[in-house]
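File shown: final.tsv. Contents: TSV, C-alpha atoms.
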```
chain	number	residue	atom	x	y	z
A	1	MET	CA	-61.10	25.72	-12.78
A	2	THR	CA	-59.76	23.01	-10.49
A	3	ILE	CA	-57.08	20.87	-12.09
A	4	TYR	CA	-57.48	17.40	-10.66
A	5	ARG	CA	-54.37	15.30	-10.16
A	6	HIS	CA	-54.79	11.59	-10.63
A	7	PHE	CA	-52.26	9.03	-9.39
A	8	TYR	CA	-52.33	5.29	-9.95
A	9	VAL	CA	-50.07	2.97	-7.99
A	10	LYS	CA	-50.05	-0.70	-8.89
A	11	SER	CA	-50.02	-2.55	-5.59
A	12	HIS	CA	-49.03	-6.09	-4.70
A	13	ALA	CA	-50.90	-5.91	-1.40
A	14	ILE	CA	-53.16	-8.75	-0.38
A	15	THR	CA	-56.88	-8.76	-1.19
A	16	THR	CA	-58.25	-10.10	2.07
A	17	PRO	CA	-59.18	-8.00	5.13
A	18	LYS	CA	-57.15	-10.42	7.26
A	19	ILE	CA	-54.24	-8.00	7.37
A	20	ASN	CA	-51.61	-8.31	10.08
A	21	LEU	CA	-51.10	-4.64	10.95
A	22	LYS	CA	-47.76	-5.54	12.58
A	23	ASP	CA	-46.48	-6.91	9.30
A	24	LEU	CA	-47.50	-4.53	6.52
A	25	PRO	CA	-44.17	-4.95	4.64
A	26	GLY	CA	-44.26	-8.77	4.82
A	27	SER	CA	-47.44	-10.83	4.82
A	28	ALA	CA	-49.58	-7.85	3.70
A	29	GLY	CA	-47.62	-7.57	0.43
A	30	ARG	CA	-45.82	-4.27	1.01
A	31	MET	CA	-48.96	-2.51	2.09
A	32	ASP	CA	-46.61	-0.04	3.83
A	33	VAL	CA	-45.55	1.20	0.39
A	34	LEU	CA	-49.14	1.76	-0.68
A	35	ALA	CA	-49.91	3.55	2.59
A	36	ARG	CA	-46.98	5.94	2.16
A	37	CYS	CA	-48.08	6.65	-1.42
A	38	ILE	CA	-51.53	7.62	-0.12
A	39	ASN	CA	-49.90	9.82	2.51
A	40	SER	CA	-47.82	11.55	-0.18
A	41	ALA	CA	-50.78	12.02	-2.49
A	42	PHE	CA	-53.06	13.80	-0.02
A	43	TRP	CA	-51.43	15.34	3.01
A	44	LEU	CA	-50.43	18.93	3.50
A	45	SER	CA	-49.49	20.40	6.88
A	46	TYR	CA	-52.97	21.70	7.52
A	47	GLY	CA	-55.27	19.47	5.56
A	48	ILE	CA	-55.94	17.25	2.63
A	49	ARG	CA	-55.37	18.03	-1.05
A	50	LYS	CA	-58.94	18.14	-2.34
A	51	ASN	CA	-57.83	18.09	-5.97
A	52	VAL	CA	-56.19	14.67	-5.78
A	53	ILE	CA	-57.75	11.37	-6.82
A	54	PHE	CA	-55.70	8.30	-5.98
A	55	HIS	CA	-56.25	4.96	-7.69
A	56	THR	CA	-54.78	1.59	-6.93
A	57	ILE	CA	-55.42	-2.00	-7.94
A	58	LEU	CA	-54.37	-4.59	-5.39
A	59	HIS	CA	-52.86	-7.62	-7.12
A	60	GLY	CA	-52.13	-9.85	-4.14
A	61	GLU	CA	-53.92	-13.06	-3.22
A	62	PRO	CA	-56.59	-14.35	-2.68
A	63	ASN	CA	-59.02	-12.23	-4.71
A	64	PRO	CA	-57.29	-9.91	-7.20
A	65	PRO	CA	-57.86	-7.50	-8.79
A	66	VAL	CA	-59.40	-5.15	-6.21
A	67	TYR	CA	-59.69	-1.54	-7.29
A	68	ILE	CA	-59.64	1.22	-4.66
A	69	ARG	CA	-60.10	4.91	-5.39
A	70	ILE	CA	-59.63	7.69	-2.85
A	71	GLU	CA	-61.06	11.14	-3.55
A	72	GLY	CA	-59.53	14.06	-1.65
A	73	GLU	CA	-62.71	16.09	-1.78
A	74	ARG	CA	-64.65	13.51	0.21
A	75	LEU	CA	-61.86	11.95	2.29
A	76	ARG	CA	-62.54	12.07	6.05
A	77	LYS	CA	-61.20	10.55	9.26
A	78	MET	CA	-58.04	9.00	7.81
A	79	ALA	CA	-54.79	9.84	9.64
A	80	PRO	CA	-51.48	10.06	7.77
A	81	ASP	CA	-49.63	7.16	9.43
A	82	GLU	CA	-49.14	3.81	7.70
A	83	ARG	CA	-51.07	1.80	10.25
A	84	ASN	CA	-54.14	4.03	10.09
A	85	ILE	CA	-54.19	4.12	6.31
A	86	ALA	CA	-53.90	0.32	6.27
A	87	ILE	CA	-56.94	0.14	8.57
A	88	PHE	CA	-58.98	2.02	5.95
A	89	ILE	CA	-57.79	-0.36	3.22
A	90	LYS	CA	-58.80	-3.22	5.50
A	91	LYS	CA	-62.29	-1.68	5.85
A	92	ALA	CA	-62.55	-1.35	2.09
A	93	LEU	CA	-61.68	-5.04	1.68
A	94	GLU	CA	-64.20	-6.02	4.37
A	95	ARG	CA	-67.05	-4.06	2.83
A	96	MET	CA	-66.33	-4.68	-0.85
A	97	ARG	CA	-69.12	-6.18	-2.94
A	98	GLU	CA	-68.47	-8.29	-6.00
A	99	ASP	CA	-71.26	-6.73	-8.06
A	100	LYS	CA	-70.91	-2.97	-7.65
A	101	GLU	CA	-68.72	-0.13	-6.42
A	102	ILE	CA	-69.40	1.07	-2.90
A	103	GLU	CA	-68.01	3.86	-0.70
A	104	SER	CA	-66.52	1.88	2.16
A	105	THR	CA	-65.65	4.95	4.25
A	106	PRO	CA	-65.95	8.65	3.30
A	107	GLY	CA	-63.95	9.21	0.14
A	108	VAL	CA	-62.81	5.59	-0.27
A	109	PHE	CA	-64.42	3.57	-3.07
A	110	VAL	CA	-63.89	-0.11	-3.78
A	111	CYS	CA	-64.92	-2.64	-6.42
A	112	LYS	CA	-63.60	-5.32	-8.74
A	113	LYS	CA	-61.92	-3.71	-11.73
A	114	SER	CA	-59.09	-4.52	-14.12
A	115	PHE	CA	-56.29	-2.19	-15.21
A	116	LYS	CA	-57.70	-2.21	-18.76
A	117	GLU	CA	-61.12	-1.05	-17.54
A	118	LEU	CA	-59.51	1.70	-15.47
A	119	LEU	CA	-57.63	3.04	-18.49
A	120	GLU	CA	-60.69	2.85	-20.70
A	121	GLU	CA	-62.79	4.82	-18.18
A	122	ASN	CA	-60.14	7.51	-17.90
A	123	LYS	CA	-59.03	7.83	-21.50
A	124	ASP	CA	-60.03	11.52	-21.55
A	125	LYS	CA	-57.06	12.19	-19.18
A	126	ASP	CA	-53.40	12.89	-20.01
A	127	PHE	CA	-51.50	9.75	-19.04
A	128	TYR	CA	-47.90	9.90	-17.76
A	129	LEU	CA	-45.91	6.79	-17.00
A	130	LEU	CA	-43.09	7.21	-14.48
A	131	THR	CA	-40.23	5.23	-15.91
A	132	GLU	CA	-36.45	5.37	-16.00
A	133	GLY	CA	-35.37	6.84	-19.29
A	134	GLY	CA	-38.56	8.88	-19.62
A	135	LYS	CA	-38.36	12.57	-20.45
A	136	ASN	CA	-37.52	14.75	-17.46
A	137	ILE	CA	-40.74	16.17	-16.02
A	138	LYS	CA	-39.28	19.67	-16.27
A	139	GLU	CA	-39.19	19.34	-20.04
A	140	VAL	CA	-42.75	18.05	-20.37
A	141	ASN	CA	-45.87	20.15	-20.85
A	142	ILE	CA	-48.13	18.65	-18.23
A	143	GLY	CA	-51.75	18.64	-19.45
A	144	ASN	CA	-54.87	19.88	-17.68
A	145	LYS	CA	-56.03	16.40	-16.75
A	146	PRO	CA	-52.85	14.73	-15.55
A	147	PHE	CA	-52.91	11.06	-14.54
A	148	PHE	CA	-49.59	9.60	-13.31
A	149	PHE	CA	-48.89	5.86	-13.28
A	150	LEU	CA	-46.37	4.19	-10.96
A	151	GLY	CA	-45.42	0.77	-9.61
A	152	ASP	CA	-45.07	0.05	-5.89
A	153	TYR	CA	-41.80	-1.74	-5.07
A	154	LYS	CA	-42.10	-3.58	-8.37
A	155	ASP	CA	-42.25	-1.85	-11.70
A	156	LEU	CA	-45.32	-2.13	-13.92
A	157	GLU	CA	-45.23	-5.18	-16.19
A	158	GLU	CA	-44.30	-4.79	-19.84
A	159	LYS	CA	-47.82	-5.60	-20.99
A	160	GLU	CA	-49.22	-2.88	-18.70
A	161	LYS	CA	-46.73	-0.37	-20.08
A	162	GLU	CA	-47.65	-1.37	-23.64
A	163	LEU	CA	-51.30	-0.84	-22.83
A	164	LEU	CA	-50.53	2.60	-21.40
A	165	TYR	CA	-48.65	3.53	-24.55
A	166	LYS	CA	-51.67	2.42	-26.61
A	167	TYR	CA	-53.58	5.00	-24.58
A	168	LYS	CA	-50.96	7.58	-25.60
A	169	ALA	CA	-49.16	7.73	-22.24
A	170	THR	CA	-46.05	9.91	-22.12
A	171	PRO	CA	-43.02	8.32	-20.42
A	172	ILE	CA	-41.55	10.73	-17.87
A	173	SER	CA	-38.88	10.60	-15.19
A	174	LEU	CA	-37.75	12.67	-12.23
A	175	GLY	CA	-34.06	12.58	-13.06
A	176	LYS	CA	-31.21	10.12	-12.99
A	177	LYS	CA	-31.88	8.55	-9.63
A	178	SER	CA	-34.60	6.01	-8.97
A	179	TYR	CA	-36.96	7.14	-6.21
A	180	LEU	CA	-39.47	5.38	-4.00
A	181	SER	CA	-43.00	5.65	-5.40
A	182	SER	CA	-44.19	7.67	-2.43
A	183	HIS	CA	-41.32	10.11	-2.93
A	184	CYS	CA	-42.19	10.39	-6.63
A	185	ILE	CA	-45.73	11.42	-5.70
A	186	THR	CA	-44.47	14.02	-3.20
A	187	ILE	CA	-42.13	15.47	-5.82
A	188	ILE	CA	-44.81	15.55	-8.54
A	189	ASN	CA	-47.26	17.27	-6.20
A	190	TRP	CA	-44.66	19.88	-5.34
A	191	PHE	CA	-43.63	20.30	-8.97
A	192	LEU	CA	-47.26	20.93	-9.94
A	193	ASP	CA	-47.73	23.34	-7.00
A	194	GLU	CA	-44.78	25.36	-8.20
A	195	MET	CA	-46.12	25.37	-11.77
A	196	GLU	CA	-49.52	26.72	-10.78
B	1	MET	CA	-15.85	15.58	-3.08
B	2	THR	CA	-18.94	14.24	-1.36
B	3	ILE	CA	-21.36	16.93	-0.32
B	4	TYR	CA	-23.00	15.74	2.86
B	5	ARG	CA	-26.59	16.69	3.49
B	6	HIS	CA	-27.56	17.25	7.10
B	7	PHE	CA	-31.15	17.33	8.31
B	8	TYR	CA	-32.39	18.13	11.79
B	9	VAL	CA	-35.96	17.42	12.82
B	10	LYS	CA	-37.10	18.54	16.25
B	11	SER	CA	-39.18	15.69	17.61
B	12	HIS	CA	-41.77	15.55	20.37
B	13	ALA	CA	-41.47	11.77	20.61
B	14	ILE	CA	-41.15	10.15	24.01
B	15	THR	CA	-37.76	9.41	25.58
B	16	THR	CA	-38.46	5.98	27.02
B	17	PRO	CA	-38.06	2.66	25.19
B	18	LYS	CA	-41.57	1.73	26.36
B	19	ILE	CA	-43.04	2.59	23.00
B	20	ASN	CA	-46.41	1.20	21.97
B	21	LEU	CA	-45.71	0.33	18.33
B	22	LYS	CA	-49.46	0.25	17.67
B	23	ASP	CA	-49.78	3.85	18.72
B	24	LEU	CA	-46.86	5.80	17.24
B	25	PRO	CA	-49.04	8.88	16.48
B	26	GLY	CA	-50.56	8.98	19.99
B	27	SER	CA	-48.77	7.87	23.13
B	28	ALA	CA	-45.36	7.81	21.38
B	29	GLY	CA	-45.57	11.57	20.65
B	30	ARG	CA	-45.97	11.49	16.86
B	31	MET	CA	-43.09	9.10	16.41
B	32	ASP	CA	-44.73	8.27	13.05
B	33	VAL	CA	-43.74	11.74	11.83
B	34	LEU	CA	-40.12	11.23	12.86
B	35	ALA	CA	-40.07	7.79	11.21
B	36	ARG	CA	-41.35	9.19	7.91
B	37	CYS	CA	-38.73	11.94	8.05
B	38	ILE	CA	-36.02	9.29	8.39
B	39	ASN	CA	-37.53	7.37	5.48
B	40	SER	CA	-37.47	10.54	3.35
B	41	ALA	CA	-33.93	11.42	4.32
B	42	PHE	CA	-32.32	8.10	3.36
B	43	TRP	CA	-34.25	5.87	1.02
B	44	LEU	CA	-33.81	5.54	-2.70
B	45	SER	CA	-35.36	2.72	-4.74
B	46	TYR	CA	-32.22	0.62	-4.60
B	47	GLY	CA	-30.42	1.68	-1.48
B	48	ILE	CA	-29.61	4.26	1.11
B	49	ARG	CA	-28.31	7.78	0.53
B	50	LYS	CA	-24.81	7.51	1.96
B	51	ASN	CA	-24.29	11.27	1.92
B	52	VAL	CA	-27.11	12.02	4.38
B	53	ILE	CA	-26.73	12.61	8.10
B	54	PHE	CA	-29.97	12.91	10.01
B	55	HIS	CA	-30.18	14.51	13.44
B	56	THR	CA	-33.06	14.68	15.87
B	57	ILE	CA	-33.56	15.62	19.47
B	58	LEU	CA	-36.49	13.92	21.18
B	59	HIS	CA	-38.26	16.35	23.50
B	60	GLY	CA	-40.95	14.09	24.98
B	61	GLU	CA	-41.12	12.79	28.53
B	62	PRO	CA	-39.66	11.32	30.71
B	63	ASN	CA	-35.99	12.03	29.94
B	64	PRO	CA	-35.49	14.84	27.40
B	65	PRO	CA	-33.42	15.87	25.56
B	66	VAL	CA	-32.25	12.70	23.76
B	67	TYR	CA	-30.12	13.28	20.68
B	68	ILE	CA	-30.10	10.69	17.90
B	69	ARG	CA	-27.93	10.87	14.78
B	70	ILE	CA	-28.22	8.53	11.82
B	71	GLU	CA	-25.39	8.32	9.30
B	72	GLY	CA	-26.24	6.96	5.86
B	73	GLU	CA	-22.74	5.65	5.26
B	74	ARG	CA	-22.97	3.25	8.20
B	75	LEU	CA	-26.72	2.60	8.33
B	76	ARG	CA	-27.62	-1.10	8.10
B	77	LYS	CA	-30.60	-3.38	8.66
B	78	MET	CA	-33.25	-0.67	8.97
B	79	ALA	CA	-36.30	-1.10	6.73
B	80	PRO	CA	-38.21	1.92	5.39
B	81	ASP	CA	-41.57	1.37	7.15
B	82	GLU	CA	-42.62	3.42	10.17
B	83	ARG	CA	-42.86	0.47	12.53
B	84	ASN	CA	-39.38	-0.78	11.73
B	85	ILE	CA	-37.79	2.64	12.02
B	86	ALA	CA	-39.54	3.08	15.39
B	87	ILE	CA	-38.02	-0.23	16.54
B	88	PHE	CA	-34.54	1.20	15.89
B	89	ILE	CA	-35.40	4.35	17.86
B	90	LYS	CA	-36.62	2.09	20.66
B	91	LYS	CA	-33.27	0.25	20.59
B	92	ALA	CA	-31.41	3.57	20.76
B	93	LEU	CA	-33.45	4.56	23.81
B	94	GLU	CA	-32.84	1.17	25.45
B	95	ARG	CA	-29.09	1.28	24.94
B	96	MET	CA	-28.46	4.97	25.59
B	97	ARG	CA	-25.92	5.89	28.26
B	98	GLU	CA	-26.08	9.11	30.21
B	99	ASP	CA	-22.34	9.74	30.10
B	100	LYS	CA	-21.27	9.23	26.48
B	101	GLU	CA	-22.43	8.75	22.91
B	102	ILE	CA	-22.82	5.16	21.74
B	103	GLU	CA	-23.70	3.50	18.43
B	104	SER	CA	-26.87	1.64	19.38
B	105	THR	CA	-27.19	-0.16	16.02
B	106	PRO	CA	-25.06	0.29	12.87
B	107	GLY	CA	-25.24	3.95	11.86
B	108	VAL	CA	-27.47	5.06	14.75
B	109	PHE	CA	-25.84	7.13	17.50
B	110	VAL	CA	-27.46	8.28	20.72
B	111	CYS	CA	-26.59	10.47	23.69
B	112	LYS	CA	-27.83	13.34	25.85
B	113	LYS	CA	-27.39	16.61	23.98
B	114	SER	CA	-29.09	19.99	23.83
B	115	PHE	CA	-30.02	21.92	20.70
B	116	LYS	CA	-27.46	24.60	21.61
B	117	GLU	CA	-24.66	22.03	21.81
B	118	LEU	CA	-25.71	20.56	18.46
B	119	LEU	CA	-25.51	23.97	16.79
B	120	GLU	CA	-22.18	24.77	18.38
B	121	GLU	CA	-20.67	21.48	17.19
B	122	ASN	CA	-21.88	22.07	13.65
B	123	LYS	CA	-21.22	25.77	13.26
B	124	ASP	CA	-18.92	25.11	10.28
B	125	LYS	CA	-22.03	24.09	8.28
B	126	ASP	CA	-24.44	26.25	6.26
B	127	PHE	CA	-27.65	26.39	8.27
B	128	TYR	CA	-31.07	26.66	6.60
B	129	LEU	CA	-34.28	27.01	8.56
B	130	LEU	CA	-37.43	25.82	6.80
B	131	THR	CA	-40.02	28.43	7.62
B	132	GLU	CA	-43.04	30.01	6.00
B	133	GLY	CA	-42.02	33.34	4.57
B	134	GLY	CA	-38.45	32.18	3.99
B	135	LYS	CA	-36.82	32.74	0.63
B	136	ASN	CA	-37.82	30.18	-2.00
B	137	ILE	CA	-35.16	27.47	-2.15
B	138	LYS	CA	-34.86	28.01	-5.90
B	139	GLU	CA	-33.55	31.51	-5.26
B	140	VAL	CA	-31.00	30.49	-2.63
B	141	ASN	CA	-27.39	29.50	-3.27
B	142	ILE	CA	-27.16	26.32	-1.25
B	143	GLY	CA	-23.71	25.98	0.31
B	144	ASN	CA	-21.34	23.00	0.25
B	145	LYS	CA	-22.16	21.96	3.81
B	146	PRO	CA	-25.93	22.29	3.95
B	147	PHE	CA	-27.75	21.63	7.20
B	148	PHE	CA	-31.55	21.95	7.10
B	149	PHE	CA	-33.67	22.49	10.23
B	150	LEU	CA	-37.34	21.52	10.51
B	151	GLY	CA	-40.02	20.96	13.13
B	152	ASP	CA	-42.09	17.76	13.30
B	153	TYR	CA	-45.82	18.44	13.56
B	154	LYS	CA	-45.01	21.48	15.66
B	155	ASP	CA	-42.86	24.33	14.45
B	156	LEU	CA	-39.57	25.15	16.17
B	157	GLU	CA	-39.98	27.49	19.12
B	158	GLU	CA	-39.13	31.18	18.76
B	159	LYS	CA	-36.08	30.87	21.01
B	160	GLU	CA	-34.76	28.01	18.87
B	161	LYS	CA	-35.24	30.07	15.74
B	162	GLU	CA	-33.47	33.02	17.33
B	163	LEU	CA	-30.57	30.77	18.23
B	164	LEU	CA	-30.39	29.52	14.65
B	165	TYR	CA	-30.32	33.08	13.36
B	166	LYS	CA	-27.45	33.83	15.77
B	167	TYR	CA	-25.64	31.01	13.97
B	168	LYS	CA	-26.37	32.78	10.68
B	169	ALA	CA	-29.13	30.42	9.51
B	170	THR	CA	-30.87	31.39	6.26
B	171	PRO	CA	-34.68	31.17	6.34
B	172	ILE	CA	-35.93	29.25	3.32
B	173	SER	CA	-39.26	27.90	2.11
B	174	LEU	CA	-40.52	25.47	-0.51
B	175	GLY	CA	-43.26	27.75	-1.82
B	176	LYS	CA	-46.64	29.00	-0.71
B	177	LYS	CA	-48.07	25.78	0.65
B	178	SER	CA	-47.11	24.30	3.99
B	179	TYR	CA	-45.81	20.74	3.64
B	180	LEU	CA	-45.32	17.85	6.04
B	181	SER	CA	-41.74	17.70	7.32
B	182	SER	CA	-41.14	14.34	5.66
B	183	HIS	CA	-42.32	15.76	2.35
B	184	CYS	CA	-40.02	18.77	2.79
B	185	ILE	CA	-37.06	16.42	3.17
B	186	THR	CA	-38.05	14.43	0.05
B	187	ILE	CA	-38.36	17.66	-1.94
B	188	ILE	CA	-35.03	19.06	-0.69
B	189	ASN	CA	-33.24	15.80	-1.51
B	190	TRP	CA	-34.68	15.85	-5.01
B	191	PHE	CA	-33.93	19.54	-5.45
B	192	LEU	CA	-30.28	18.92	-4.50
B	193	ASP	CA	-30.10	15.86	-6.77
B	194	GLU	CA	-31.24	17.99	-9.68
B	195	MET	CA	-28.71	20.71	-8.81
B	196	GLU	CA	-25.76	18.31	-8.80
```
Could I get this file's structure written as structure tokens?
Amino acid sequence: MTIYRHFYVKSHAITTPKINLKDLPGSAGRMDVLARCINSAFWLSYGIRKNVIFHTILHGEPNPPVYIRIEGERLRKMAPDERNIAIFIKKALERMREDKEIESTPGVFVCKKSFKELLEENKDKDFYLLTEGGKNIKEVNIGNKPFFFLGDYKDLEEKEKELLYKYKATPISLGKKSYLSSHCITIINWFLDEME
Amino acid sequence: MTIYRHFYVKSHAITTPKINLKDLPGSAGRMDVLARCINSAFWLSYGIRKNVIFHTILHGEPNPPVYIRIEGERLRKMAPDERNIAIFIKKALERMREDKEIESTPGVFVCKKSFKELLEENKDKDFYLLTEGGKNIKEVNIGNKPFFFLGDYKDLEEKEKELLYKYKATPISLGKKSYLSSHCITIINWFLDEME
């Protein structure tokens, strides 16, 4: 049985395809952070992790929220560098429809969706919120349907955390230091590899 | 006592400052890989790891080998995205002198140096070669002066590995899967954090 690994990163990236690829950290709303998180979620030396599903909701202007989901099993053509990943996000924003989810490029899905809807649709999963003061991941029994929630360069808001706890999320941490979100994903992937 | 962590990544990036920042993975010789390794070596959520020293030798045309060293204690102004890190490598290549090492920007040092010279200068350290089939890092007693050696998208050459073994390098691995070099560095940093 394949154990799928779900990651959600809340993004503050902009929600227009008019992205300046020379300025991902600035005018694009730290899209560089999101791109590195996607890199960490999927890439191995010789291929893509097919058992990973990556979710994000872009909260930047002018048209939030935009939900993007990337499925490792179907992902094609994307390269692991920030600029290339940003180009695929740009394509998703260009091709998005207001009324229904579409697959903008192979393995990349886009639609309008709120955080609450995302949680409701995935409530069969085991939710883990990465947060300082959470239980060390080594001391947690990770379930068979793990779904990890992280911020980008900003933490999740209190009301989002409260909602996660309503959905029985377990607060976890990776130790005493505070790591970049992309590094957290790399570490979690490795930790789960070693467990298997 | 501060335990310094040394990383070496062999790079195939080009050795001219004429870098096309739109094409780091192509004409710049996978400079994106090198940039992500530097990101992984130094960044925490709220600052830079001061106990990390990152070494690379660029092997691309037209003027190899170019040695670059980045010291966390002195590193300033660099941002964690690939494009920005590449700009600092570009500055190092612009300001390099053939006859002596210079500090091209705060914390970034550049000169002409061969792999053999680098090993000879650092032979007081504990060398670890990341390689498939190496002993799992969890089963290795990591020394007080660790120095980890990795390839970029290409493995080290056999003659480089042989040289490392002459300097008593220990072959180590991070498990059964083969990870991107940047991810290896993130995992090693975390592993050492947890050990401390």
Students should find that atom CA of B:Ser173 and atom CA of A:Ile38 are spaced 23.8 Å
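Nearest to B:Ile48 of all the residues B:Ala79, B:Ile102, B:Ile3, B:Leu118 is B:Ala79, based on all atoms listed in the file.
Across the structure, atom CA of A:His59 and atom CA of A:Val33 are spaced 13.7 Å apart.
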Would you pick out the contacts of B:Ser45 at 9 Å or less, using all atoms listed in the file, so that residues sharing its chain but fewer than 5 positions from it are not included, and give the list as a PyMOL selection string? chain A and resi 153+177-181
Name the residues in contact with B:Asp126 at a cut-off of 12 Å, using only C-alpha atoms, excluding same-chain residues fewer than 4 positions from it; report them as a ChimeraX atom specification. /B:3-7,119,122,140-149,164-165,167-171
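The interatomic distance for the pair atom CA of A:Asp99 and atom CA of A:Ile68 works out to 14.5 Å.
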Write out, as a Markdown table, each residue of chain A that has an atom at most 10 Å from chain B, together with the closest pair of atoms and their distance in Å to one decimal, counting all atoms listed in the file, rows going by chain and rising number.
```
| residue | atom | partner | partner_atom | distance |
| --- | --- | --- | --- | --- |
| A:Leu21 | CA | B:Lys22 | CA | 8.5 |
| A:Lys22 | CA | B:Arg83 | CA | 7.8 |
| A:Asp23 | CA | B:Arg83 | CA | 8.8 |
| A:Leu24 | CA | B:Asp81 | CA | 8.4 |
| A:Pro25 | CA | B:Asp81 | CA | 7.3 |
| A:Arg30 | CA | B:Asp81 | CA | 9.4 |
| A:Met31 | CA | B:Asp81 | CA | 9.8 |
| A:Asp32 | CA | B:Asp81 | CA | 6.2 |
| A:Val33 | CA | B:Asp81 | CA | 7.8 |
| A:Ala35 | CA | B:Asp81 | CA | 9.8 |
| A:Arg36 | CA | B:Asp81 | CA | 8.7 |
| A:Asn39 | CA | B:His183 | CA | 9.6 |
| A:Ser40 | CA | B:His183 | CA | 7.4 |
| A:Trp43 | CA | B:Leu180 | CA | 7.3 |
| A:Leu44 | CA | B:Tyr179 | CA | 5.0 |
| A:Ser45 | CA | B:Tyr179 | CA | 4.9 |
| A:Tyr46 | CA | B:Ser178 | CA | 7.3 |
| A:Gly47 | CA | B:Ser178 | CA | 9.6 |
| A:Ala79 | CA | B:Pro25 | CA | 9.0 |
| A:Pro80 | CA | B:Asp32 | CA | 8.8 |
| A:Asp81 | CA | B:Asp32 | CA | 6.2 |
| A:Glu82 | CA | B:Glu82 | CA | 7.0 |
| A:Arg83 | CA | B:Lys22 | CA | 7.7 |
| A:Asn84 | CA | B:Pro25 | CA | 9.5 |
| A:Tyr153 | CA | B:Ser45 | CA | 7.8 |
| A:Lys154 | CA | B:Ser45 | CA | 9.9 |
| A:Leu174 | CA | B:Trp190 | CA | 8.5 |
| A:Gly175 | CA | B:Glu194 | CA | 7.0 |
| A:Lys176 | CA | B:Asp193 | CA | 8.5 |
| A:Lys177 | CA | B:Leu44 | CA | 7.8 |
| A:Ser178 | CA | B:Ser45 | CA | 5.4 |
| A:Tyr179 | CA | B:Ser45 | CA | 4.9 |
| A:Leu180 | CA | B:Ser45 | CA | 5.0 |
| A:Ser181 | CA | B:Ser45 | CA | 8.2 |
| A:Ser182 | CA | B:Ser40 | CA | 9.3 |
| A:His183 | CA | B:Thr186 | CA | 6.2 |
| A:Cys184 | CA | B:Thr186 | CA | 8.8 |
| A:Ile185 | CA | B:His183 | CA | 9.8 |
| A:Thr186 | CA | B:His183 | CA | 6.2 |
| A:Ile187 | CA | B:Ile187 | CA | 5.8 |
| A:Ile188 | CA | B:Ile187 | CA | 9.5 |
| A:Asn189 | CA | B:Ile187 | CA | 9.9 |
| A:Trp190 | CA | B:Ile187 | CA | 7.5 |
| A:Phe191 | CA | B:Ile187 | CA | 9.2 |
| A:Asp193 | CA | B:Lys177 | CA | 8.0 |
| A:Glu194 | CA | B:Gly175 | CA | 7.0 |
```
Give me the residues near B:His12 as number ranges by chain, where near means some atom within 6 Å (using only C-alpha atoms) and where sequence neighbours in that chain fewer than 4 positions away do not count. B: 29, 58-60
Around all of stretch 57-68 of chain A's listed atoms, make the axis-aligned box with 5 Å on each side and tell me centre and edge lengths in Å to one decimal, as JSON.
```
{"center_x": -55.9, "center_y": -6.6, "center_z": -5.7, "size_x": 17.6, "size_y": 25.6, "size_z": 16.1}
```
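Close contacts of stretch 86-93 of chain B, defined as residues with an atom at most 7 Å away when counting all atoms listed in the file, with chain neighbours fewer than 6 positions off set aside, comprise Thr15, Thr16, Pro17, Ile19, Ala35, Ser104 and Val110 of chain B.
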Resulting file, chosen residues, C-alpha atoms, as a compact mmCIF listing (two decimals), in the coordinates of the input:
```txt
# COMPACT_ATOMS: atom_id res chain seq x y z
CA THR B 15 -37.76 9.41 25.58
CA THR B 16 -38.46 5.98 27.02
CA PRO B 17 -38.06 2.66 25.19
CA ILE B 19 -43.04 2.59 23.00
CA ALA B 35 -40.07 7.79 11.21
CA SER B 104 -26.87 1.64 19.38
CA VAL B 110 -27.46 8.28 20.72
```
Could you check which of B:Lys138, B:Arg95, B:Lys125, B:Lys50 is closest to B:Glu73, using only C-alpha atoms?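 Smallest separation from B:Glu73 among the options: B:Lys50.
Across B:Ser114, B:Asn51, B:Val108, B:Leu156, the tightest approach to B:Met1 is made by B:Asn51 when counting all atoms listed in the file.
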